[in-house]
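Participant: Provided below: data09.cif, containing mmCIF, C-alpha atoms.
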```cif
data_query
loop_
_atom_site.label_atom_id
_atom_site.label_comp_id
_atom_site.auth_asym_id
_atom_site.auth_seq_id
_atom_site.Cartn_x
_atom_site.Cartn_y
_atom_site.Cartn_z
CA ALA A 1 138.36 193.15 165.39
CA HIS A 2 141.26 195.13 166.79
CA PRO A 3 141.93 198.80 167.62
CA LEU A 4 143.47 201.14 165.05
CA PRO A 5 145.46 203.81 166.97
CA THR A 6 145.22 207.29 165.43
CA ALA A 7 145.99 210.86 166.40
CA ARG A 8 142.32 211.18 167.39
CA GLY A 9 142.06 208.01 169.48
CA SER A 10 141.58 204.33 168.74
CA PHE A 11 138.86 202.93 166.50
CA ALA A 12 137.72 199.33 166.16
CA VAL A 13 138.45 197.86 162.73
CA LEU A 14 138.28 194.65 160.74
CA ASP A 15 141.54 194.50 158.80
CA THR A 16 142.09 191.95 156.02
CA SER A 17 145.14 191.70 153.76
CA PRO A 18 145.82 189.60 150.67
CA ALA A 19 148.20 186.66 150.88
CA GLY A 20 150.43 188.11 148.15
CA GLU A 21 151.17 191.55 146.76
CA ILE A 22 149.06 194.40 148.15
CA ARG A 23 147.70 196.39 145.21
CA GLY A 24 146.17 199.07 147.43
CA THR A 25 144.45 199.77 150.74
CA ALA A 26 140.78 200.59 151.24
CA LEU A 27 139.13 202.27 154.23
CA LEU A 28 135.40 201.51 154.55
CA ALA A 29 133.01 203.69 156.60
CA PRO A 30 129.55 202.32 157.49
CA GLY A 31 126.21 204.05 157.41
CA TYR A 32 123.61 205.18 159.93
CA THR A 33 122.96 202.51 162.62
CA GLY A 34 125.63 200.43 160.85
CA SER A 35 129.01 199.04 161.82
CA LYS A 36 132.18 197.62 160.30
CA GLU A 37 130.47 194.21 160.13
CA ASP A 38 128.29 195.53 157.30
CA PHE A 39 131.37 195.03 155.09
CA ILE A 40 132.33 191.50 156.23
CA ALA A 41 131.22 189.88 152.98
CA LEU A 42 133.47 192.23 150.97
CA LEU A 43 136.67 191.43 152.85
CA GLU A 44 137.53 188.06 151.32
CA PRO A 45 136.83 188.96 147.67
CA LEU A 46 138.72 192.25 147.99
CA ALA A 47 141.67 190.45 149.55
CA ALA A 48 141.54 187.96 146.69
CA ALA A 49 141.69 190.93 144.29
CA GLY A 50 144.84 192.14 146.05
CA TYR A 51 143.46 194.85 148.33
CA ARG A 52 143.99 195.33 152.03
CA THR A 53 140.60 196.31 153.40
CA VAL A 54 140.04 198.11 156.69
CA ALA A 55 136.41 198.44 157.79
CA VAL A 56 135.95 200.82 160.73
CA ASP A 57 133.45 201.64 163.44
CA GLY A 58 133.24 205.42 163.69
CA ARG A 59 133.18 207.04 167.09
CA GLY A 60 130.10 205.94 169.01
CA GLN A 61 129.42 203.06 166.60
CA TYR A 62 129.42 199.54 168.06
CA GLU A 63 132.98 198.79 169.29
CA SER A 64 134.40 202.33 168.99
CA GLU A 65 133.63 204.26 172.14
CA GLY A 66 132.29 207.79 172.08
CA PRO A 67 131.07 210.41 174.56
CA ALA A 68 127.46 211.09 175.50
CA ASP A 69 127.65 214.66 174.14
CA GLN A 70 126.03 215.07 170.72
CA VAL A 71 128.48 217.86 169.86
CA ALA A 72 131.21 215.19 169.59
CA TYR A 73 129.38 213.74 166.57
CA ALA A 74 129.23 216.87 164.45
CA GLN A 75 129.99 215.92 160.85
CA ALA A 76 133.24 217.91 160.88
CA GLU A 77 134.46 215.91 163.89
CA LEU A 78 133.58 212.58 162.27
CA ALA A 79 135.28 213.70 159.05
CA ARG A 80 138.46 214.53 160.94
CA ASP A 81 138.30 211.05 162.46
CA LEU A 82 138.28 209.56 158.95
CA VAL A 83 141.27 211.68 157.95
CA ALA A 84 143.14 210.47 161.04
CA GLN A 85 142.24 206.84 160.29
CA ALA A 86 143.50 207.18 156.73
CA GLN A 87 146.71 208.84 157.93
CA ALA A 88 147.26 206.05 160.46
CA LEU A 89 147.31 203.52 157.63
CA ALA A 90 150.40 205.30 156.28
CA THR A 91 149.47 204.98 152.62
CA PRO A 92 146.95 206.76 150.38
CA VAL A 93 143.68 204.85 150.84
CA HIS A 94 140.71 204.20 148.63
CA LEU A 95 137.98 205.73 150.79
CA VAL A 96 134.54 204.08 150.64
CA GLY A 97 131.54 205.46 152.51
CA HIS A 98 128.16 203.76 152.65
CA SER A 99 125.07 205.98 153.05
CA LEU A 100 125.78 208.29 156.03
CA GLY A 101 129.39 207.11 155.81
CA GLY A 102 129.50 208.52 152.28
CA GLN A 103 128.50 211.99 153.42
CA ILE A 104 131.11 211.86 156.18
CA ALA A 105 133.67 210.62 153.63
CA ARG A 106 132.79 213.54 151.34
CA ALA A 107 133.34 215.94 154.25
CA ALA A 108 136.69 214.28 154.98
CA VAL A 109 137.84 214.78 151.39
CA LEU A 110 136.65 218.41 151.44
CA ILE A 111 138.87 219.12 154.44
CA ASP A 112 141.63 218.80 151.80
CA PRO A 113 144.41 217.62 154.14
CA ARG A 114 147.95 218.00 152.78
CA PRO A 115 149.39 215.67 151.78
CA SER A 116 146.13 213.94 150.99
CA PRO A 117 145.74 210.48 152.55
CA PHE A 118 143.16 209.56 149.90
CA ALA A 119 143.74 207.80 146.59
CA SER A 120 140.08 207.77 145.53
CA LEU A 121 136.54 208.24 146.84
CA THR A 122 133.64 205.83 146.42
CA LEU A 123 130.19 206.91 147.59
CA MET A 124 128.02 203.82 148.03
CA SER A 125 124.26 204.42 148.14
CA SER A 126 124.99 207.92 149.41
CA GLY A 127 123.16 210.90 147.99
CA PRO A 128 124.09 214.55 147.49
CA ALA A 129 121.91 216.04 150.24
CA GLN A 130 119.20 215.07 152.74
CA VAL A 131 117.39 211.73 152.61
CA THR A 132 113.86 211.30 151.28
CA VAL A 133 110.91 212.67 153.24
CA GLU A 134 109.86 209.15 154.24
CA GLN A 135 113.32 208.44 155.65
CA GLN A 136 113.34 211.81 157.43
CA GLN A 137 110.12 210.78 159.17
CA LYS A 138 111.62 207.45 160.25
CA ILE A 139 114.74 209.17 161.59
CA LYS A 140 112.61 211.64 163.57
CA LEU A 141 110.62 208.76 165.04
CA LEU A 142 113.82 207.03 166.08
CA GLY A 143 115.29 210.22 167.55
CA ASP A 144 112.13 210.86 169.56
CA ALA A 145 112.25 207.30 170.91
CA LEU A 146 115.95 207.55 171.84
CA ALA A 147 115.20 210.69 173.85
CA VAL A 148 112.86 208.85 176.23
CA MET A 149 113.81 205.15 176.03
CA ASP A 150 117.01 203.15 176.50
CA MET A 151 118.61 201.23 173.64
CA ALA A 152 117.08 197.89 174.62
CA GLN A 153 113.59 199.38 174.76
CA VAL A 154 114.04 201.03 171.38
CA TRP A 155 115.24 197.73 169.89
CA GLU A 156 112.13 195.94 171.13
CA ALA A 157 109.92 198.70 169.76
CA MET A 158 111.63 198.52 166.35
CA ARG A 159 111.26 194.75 166.24
CA ALA A 160 107.58 195.01 167.16
CA MET A 161 107.08 197.32 164.16
CA ASP A 162 109.30 195.34 161.79
CA PRO A 163 109.78 191.75 163.04
CA PRO A 164 112.50 189.58 161.49
CA ALA A 165 111.53 186.87 159.02
CA GLU A 166 110.50 183.60 160.60
CA GLY A 167 113.56 181.56 161.51
CA ASP A 168 115.99 184.52 161.30
CA ASP A 169 118.34 185.02 164.24
CA ASP A 170 119.01 188.71 164.77
CA SER A 171 120.93 188.32 168.04
CA ASP A 172 124.12 189.69 166.48
CA MET A 173 122.25 192.74 165.18
CA ARG A 174 120.75 193.31 168.62
CA ARG A 175 124.17 193.07 170.30
CA ARG A 176 125.61 195.62 167.88
CA TRP A 177 122.63 197.92 168.35
CA LEU A 178 122.94 197.89 172.14
CA LEU A 179 126.57 199.09 171.97
CA HIS A 180 125.80 202.08 169.75
CA ASN A 181 125.92 205.40 171.53
CA PRO A 182 122.45 207.03 171.41
CA ALA A 183 124.03 210.49 171.21
CA GLN A 184 125.76 209.41 167.99
CA LEU A 185 122.49 208.14 166.52
CA ILE A 186 120.58 211.31 167.37
CA ALA A 187 123.30 213.62 166.06
CA THR A 188 123.98 211.77 162.81
CA GLY A 189 120.28 211.18 162.18
CA SER A 190 119.79 214.93 162.30
CA GLN A 191 122.62 215.35 159.80
CA LEU A 192 120.88 213.03 157.33
CA THR A 193 117.75 215.20 157.42
CA LEU A 194 119.60 218.51 157.01
CA GLU A 195 122.64 217.76 154.80
CA PRO A 196 123.18 220.42 152.10
CA ASP A 197 124.19 219.57 148.55
CA ARG A 198 128.00 219.87 148.38
CA THR A 199 128.39 218.14 145.02
CA ASP A 200 129.89 221.19 143.31
CA GLU A 201 132.51 221.48 146.06
CA LEU A 202 133.39 217.81 145.68
CA ALA A 203 133.56 218.10 141.89
CA ALA A 204 136.29 220.71 142.31
CA VAL A 205 138.50 218.25 144.21
CA SER A 206 140.96 216.49 141.92
CA LEU A 207 140.38 212.92 143.10
CA PRO A 208 139.03 209.87 141.22
CA LYS A 209 135.40 209.34 142.21
CA HIS A 210 132.98 206.43 141.97
CA ILE A 211 129.24 206.28 142.67
CA VAL A 212 127.91 202.79 143.50
CA SER A 213 124.34 201.83 144.32
CA GLY A 214 121.80 199.08 143.95
CA GLU A 215 119.16 199.22 141.25
CA ARG A 216 116.59 200.33 143.84
CA ASP A 217 117.04 202.68 146.80
CA ASP A 218 114.45 204.12 149.19
CA THR A 219 116.89 206.54 150.86
CA TRP A 220 118.06 208.46 147.77
CA PRO A 221 116.35 207.80 144.41
CA VAL A 222 118.61 206.03 141.91
CA PRO A 223 118.06 208.72 139.21
CA LEU A 224 119.37 211.28 141.72
CA LEU A 225 122.51 209.17 142.19
CA ASP A 226 122.87 208.94 138.39
CA ALA A 227 122.69 212.73 138.14
CA THR A 228 125.19 213.16 141.00
CA ALA A 229 127.69 210.94 139.20
CA GLN A 230 127.33 213.08 136.08
CA ARG A 231 127.88 216.27 138.07
CA LEU A 232 131.01 214.79 139.62
CA GLY A 233 132.37 213.27 136.42
CA ALA A 234 132.47 210.05 138.44
CA ARG A 235 132.46 206.44 137.41
CA ARG A 236 128.93 205.02 137.91
CA THR A 237 128.13 201.43 138.87
CA VAL A 238 124.66 199.99 139.48
CA ILE A 239 124.66 196.59 141.19
CA GLN A 240 121.82 194.55 139.78
CA GLY A 241 119.63 192.77 142.34
CA ALA A 242 120.77 195.09 145.15
CA GLU A 243 118.95 197.82 147.05
CA HIS A 244 120.32 200.32 149.60
CA SER A 245 123.11 198.01 150.79
CA PRO A 246 124.85 196.38 147.81
CA ASN A 247 127.68 195.45 150.19
CA THR A 248 125.33 192.95 151.87
CA ASP A 249 122.81 192.33 149.07
CA ARG A 250 125.38 191.46 146.37
CA PRO A 251 128.82 191.43 147.98
CA ALA A 252 130.69 189.53 145.24
CA GLU A 253 129.45 191.89 142.53
CA THR A 254 130.09 194.93 144.72
CA ALA A 255 133.65 193.84 145.54
CA ALA A 256 134.31 193.22 141.84
CA ALA A 257 133.08 196.73 140.97
CA LEU A 258 135.27 198.32 143.64
CA ALA A 259 138.37 196.37 142.62
CA ALA A 260 137.80 197.16 138.93
CA PHE A 261 137.64 200.89 139.72
CA TRP A 262 140.82 200.77 141.80
CA ASP A 263 142.62 198.60 139.26
CA GLY A 264 141.89 201.20 136.61
CA LEU A 265 143.67 203.85 138.65
CA ARG A 266 146.96 201.97 138.77
CA GLY A 267 147.90 203.08 135.27
#
```
Please go through the file and, once you have read it, give me the structure as structure tokens.

Facilitator:
Amino acid sequence: AHPLPTARGSFAVLDTSPAGEIRGTALLAPGYTGSKEDFIALLEPLAAAGYRTVAVDGRGQYESEGPADQVAYAQAELARDLVAQAQALATPVHLVGHSLGGQIARAAVLIDPRPSPFASLTLMSSGPAQVTVEQQQKIKLLGDALAVMDMAQVWEAMRAMDPPAEGDDDSDMRRRWLLHNPAQLIATGSQLTLEPDRTDELAAVSLPKHIVSGERDDTWPVPLLDATAQRLGARRTVIQGAEHSPNTDRPAETAAALAAFWDGLRG
């Protein structure tokens, strides 16, 4: 990891380039409670396909610092961060947002910066509006806990409710969790429960679009993602054997789908 300096501060990134010709550059934004490490398994296959890949921690996520004020994590602020990150890479980027990162990526595209720093938009397991009722309840539970407990206490409570499989070592996940800013988690969790449907606005933006998901998803139903792709006129890819995180469930297949989409835009 190293810092990516931008006009809006520095952000921690994982930055991988191909050995030969660079066919394009991708900027990857993680989801709720996630980090740039969620994309580690995509980096090598995307580099092999010719793409420089920059996975980023948003402000308040893991190794990117952020303030304790929830106002700093308003979606518009996070979207402007993504625009600044793309501009700092000095080339139009293929923007990829997973889950919450997809809704922030959509907001970044809708800012419509000129000239646009985006070559395409891929929404990965990211729906058109708020998450399912079940997920809303889980987010509320987490937000309530974060209001009265520290991050270590919340981690222990989560693990008591959902222990790791026998033999699994989740020390890296715990370390990442402890460095998240609780204000970021509370603010962005609220966004996931209140997000309006901005699909029609996005459809009006002249930018190649791609909707990727697993074949099952408990955060946004897959048929809803199918319908969103149709509304956007977007390419649609379903990764077999994957659920809400195809980037970790089936990274080789996910990387191949991303590279195929980008390759098709080269003309």

Participant: Could you list, as a ChimeraX atom specification, every residue matched by the PyMOL selection byres ((chain A and resi 131) around 12) in this structure?

Facilitator: /A:32,99-100,103,125-130,132-140,189-197,217-221,224-225

Participant: Just give me the gap between atom CA of Thr33 of chain A and atom CA of Trp155 of chain A in Å, one decimal is fine.

Facilitator: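 Pair atom CA of Thr33 of chain A / atom CA of Trp155 of chain A returns 11.6 Å.
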
Participant: Please determine, counting all atoms listed in the file, which residue among A:Thr53, A:Gln87, A:Ser17, A:Gln153 has the shortest atom-to-atom distance to Arg114 of chain A.

Facilitator: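 Result for the nearest residue to Arg114 of chain A: A:Gln87.
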
Participant: Work out how far atom CA of Ala152 of chain A is from atom CA of Ala29 of chain A, in Å to one decimal.

Facilitator: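 Computing it gives 24.7 Å between the two atoms.
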
Participant: Applied to the shown file, which residues does the PyMOL selection byres ((chain A and resi 8-16) around 6) return, written as a PDB file with C-alpha atoms, in the coordinates of the input?

Facilitator:
```pdb
ATOM      1  CA  ALA A   1     138.360 193.150 165.390  1.00  0.00           C
ATOM      2  CA  HIS A   2     141.260 195.130 166.790  1.00  0.00           C
ATOM      3  CA  PRO A   3     141.930 198.800 167.620  1.00  0.00           C
ATOM      4  CA  LEU A   4     143.470 201.140 165.050  1.00  0.00           C
ATOM      5  CA  PRO A   5     145.460 203.810 166.970  1.00  0.00           C
ATOM      6  CA  THR A   6     145.220 207.290 165.430  1.00  0.00           C
ATOM      7  CA  ALA A   7     145.990 210.860 166.400  1.00  0.00           C
ATOM      8  CA  SER A  17     145.140 191.700 153.760  1.00  0.00           C
ATOM      9  CA  ARG A  52     143.990 195.330 152.030  1.00  0.00           C
ATOM     10  CA  THR A  53     140.600 196.310 153.400  1.00  0.00           C
ATOM     11  CA  VAL A  54     140.040 198.110 156.690  1.00  0.00           C
ATOM     12  CA  ALA A  55     136.410 198.440 157.790  1.00  0.00           C
ATOM     13  CA  VAL A  56     135.950 200.820 160.730  1.00  0.00           C
ATOM     14  CA  ASP A  57     133.450 201.640 163.440  1.00  0.00           C
ATOM     15  CA  GLU A  63     132.980 198.790 169.290  1.00  0.00           C
ATOM     16  CA  SER A  64     134.400 202.330 168.990  1.00  0.00           C
TER      17      SER A  64
END
```

Participant: Determine, counting only C-alpha atoms, which protein, DNA and RNA residues have an atom within 8 Å of an atom of segment 230-241 of chain A; residues of the same chain fewer than 2 positions away are not included. Present the result as a PyMOL selection string.

Facilitator: chain A and resi 199-200+202-203+208-215+226-228+243+246+249-250+253-254+257+261

Participant: For the residues in that selection, give me C-alpha atoms as a JSON list (two decimals), keeping the file's coordinate frame.

Facilitator:
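Written output follows (part.json):
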```
[["chain", "number", "residue", "atom", "x", "y", "z"],
["A", 199, "THR", "CA", 128.39, 218.14, 145.02],
["A", 200, "ASP", "CA", 129.89, 221.19, 143.31],
["A", 202, "LEU", "CA", 133.39, 217.81, 145.68],
["A", 203, "ALA", "CA", 133.56, 218.10, 141.89],
["A", 208, "PRO", "CA", 139.03, 209.87, 141.22],
["A", 209, "LYS", "CA", 135.40, 209.34, 142.21],
["A", 210, "HIS", "CA", 132.98, 206.43, 141.97],
["A", 211, "ILE", "CA", 129.24, 206.28, 142.67],
["A", 212, "VAL", "CA", 127.91, 202.79, 143.50],
["A", 213, "SER", "CA", 124.34, 201.83, 144.32],
["A", 214, "GLY", "CA", 121.80, 199.08, 143.95],
["A", 215, "GLU", "CA", 119.16, 199.22, 141.25],
["A", 226, "ASP", "CA", 122.87, 208.94, 138.39],
["A", 227, "ALA", "CA", 122.69, 212.73, 138.14],
["A", 228, "THR", "CA", 125.19, 213.16, 141.00],
["A", 243, "GLU", "CA", 118.95, 197.82, 147.05],
["A", 246, "PRO", "CA", 124.85, 196.38, 147.81],
["A", 249, "ASP", "CA", 122.81, 192.33, 149.07],
["A", 250, "ARG", "CA", 125.38, 191.46, 146.37],
["A", 253, "GLU", "CA", 129.45, 191.89, 142.53],
["A", 254, "THR", "CA", 130.09, 194.93, 144.72],
["A", 257, "ALA", "CA", 133.08, 196.73, 140.97],
["A", 261, "PHE", "CA", 137.64, 200.89, 139.72]]
```
